[in-house]
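Encoded as structure tokens, the structure appears first; notes follow it.
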Amino acid sequence: MIPFLTLLERKVLSYIQFRKGPNKVRVLGILQPITDGVKLVLKEGGKNFRVNSKIFWLSPLIKFLLMLILFIFFCPNFPRFSCNFRVLVYLCVSSLLVYTILSSGWSSKSKYSFLGRLRRGAQVISYEIGLLTIVFFPILLSQSFKINKNKTRFFLKSFIFIFIFIFWLITIVAETNRSPFDFAEGERELVSGFNTEYRRMIFAFLFLGEYGKIIFVRFLTSWFFFPFFFKNLFSLIIIYLFLFFRGTFPRFRYDFLMNLAWKVILPFALILFWIIFFF
């Protein structure tokens with residue numbers, strides 16, 4: 001899924017910018033992700049003499065494995081791992097992902113990577129609090145950690161659905177480090193941020209973990225907010241919104257990002273939570 005998501009992203013961004021995008025490798029550039037992966041694996045590696053090698057290599061691998069754990073718990077093809085508290089599993093595993101960013105930036109022994117990890121850590125911690133609050137809206141309305149399609153329809157009928165969905169969409173874009181909230185990878189001021197020193201296959205694991213989480217939150221959004229017979233359609237819409245945001249919005253200032261989390265999303269989410277709980 002991830003390689004062809006990158007192909008879709010390059011296609012959407014190219015048409016937003018009035019150009020063709022990848023179209024030379026076979027029909028419509030369909031094999032472009034495969035050639036990009038081969039090129040990434042075969043690139044020259046080099047040696048990093050100052051890095052903490054064990055943490056430097058383990059951090060991307062752990063990030064990739066945590067992403068796979070999320071899919072295992074939510075995928076119907078693995079009923080052995082299914083449980084009634086999958087939402088709590090998501091919150092726990094998602095909170096662990098920030099440590100892979102912090103450790104990868106610290107172990108690189110680079111000033112740019114160090115600044116990138118500090119930004120990313122503050123951003124994830126700020127938006128995870130809002131994410132935790134928003135996640136409890138469908139849980140409270142369904143009165144269960146196991147949400148099915150009937151309970152999701154009930155959530156659709158609530159008058160605050162549109163506000164909660166907007167807050168959720170902003171939060172997951174910031175949580176997945178996507179533009180316009182990609183401050184951990186601000187190319188102009190951080191030279192790619194926490195992953196500056198990574199290359200070849202080890203960079204691919206960071207890349208796979210990040211895009212894998214985008215695919216997962218797309219599934220989680222459709223699972224929380226939309227009825228069963230619209231899930232596939234709205235999943236595609238959510239993916240397109242991620243790509244549309246990157247192609248249209250400029251990058252925010254970092255203080256605006258923090259103010260949005262602490263002064264807008266969290267207070268309004270708590271007010272809406274109070275309204276549902278008492279009324």
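Following the order of the structure tokens, chains are lettered A, B, ..., residues in each are numbered from 1, and ligands are numbered from 1.
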Problem - In range 16-120 of chain A, DSSP alpha helix (DSSP H) residues written as an MDAnalysis selection string - result: chainID A and resid 16 32:42 53:74 86:107 111:120
Handout entry: Exercise: range 168-175 of chain A partners within 8 Å, only C-alpha atoms, chain neighbours under 4 positions left out, as JSON, numbers by chain
Key = {"A": [123, 124, 127, 128, 130, 131, 134, 164, 179, 181, 182, 217, 242]}
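Remark: for Ile2 in chain A, the closest of the candidate residues A:Ile275, A:Val98, A:Ile214, A:Leu28 is A:Ile214 (distances computed over only C-alpha atoms).
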Handout entry: Residue nearest Leu70 in chain A among A:Gly247, A:Pro267, A:Gly209, A:Pro22 (counting only C-alpha atoms)
Key =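 Comparing A:Gly247, A:Pro267, A:Gly209, A:Pro22 against Leu70 in chain A, the winner is A:Gly209.
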Practice task
Write out as number ranges by chain each polymer residue whose atoms come within 9 Å of Leu40 in chain A, counting only C-alpha atoms; drop sequence neighbours fewer than 6 positions from it.
Solution key: A: 199-201, 203-204
Handout entry: Which residue of A:Val93, A:Val135, A:Ala122, A:Ile160 approaches Leu272 in chain A most closely, using only C-alpha atoms
Key =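 Looking at the shortest contact to Leu272 in chain A, the residue is A:Ile160.
One distance worth recording is that between CA of Ser59 in chain A and CA of Phe85 in chain A, which is 26.7 Å.
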Practice task
Would you please work out which residue, of A:Leu58, A:Ile166, A:Pro138, A:Phe73, is nearest to Trp223 in chain A when using only C-alpha atoms?
Solution key: A:Pro138
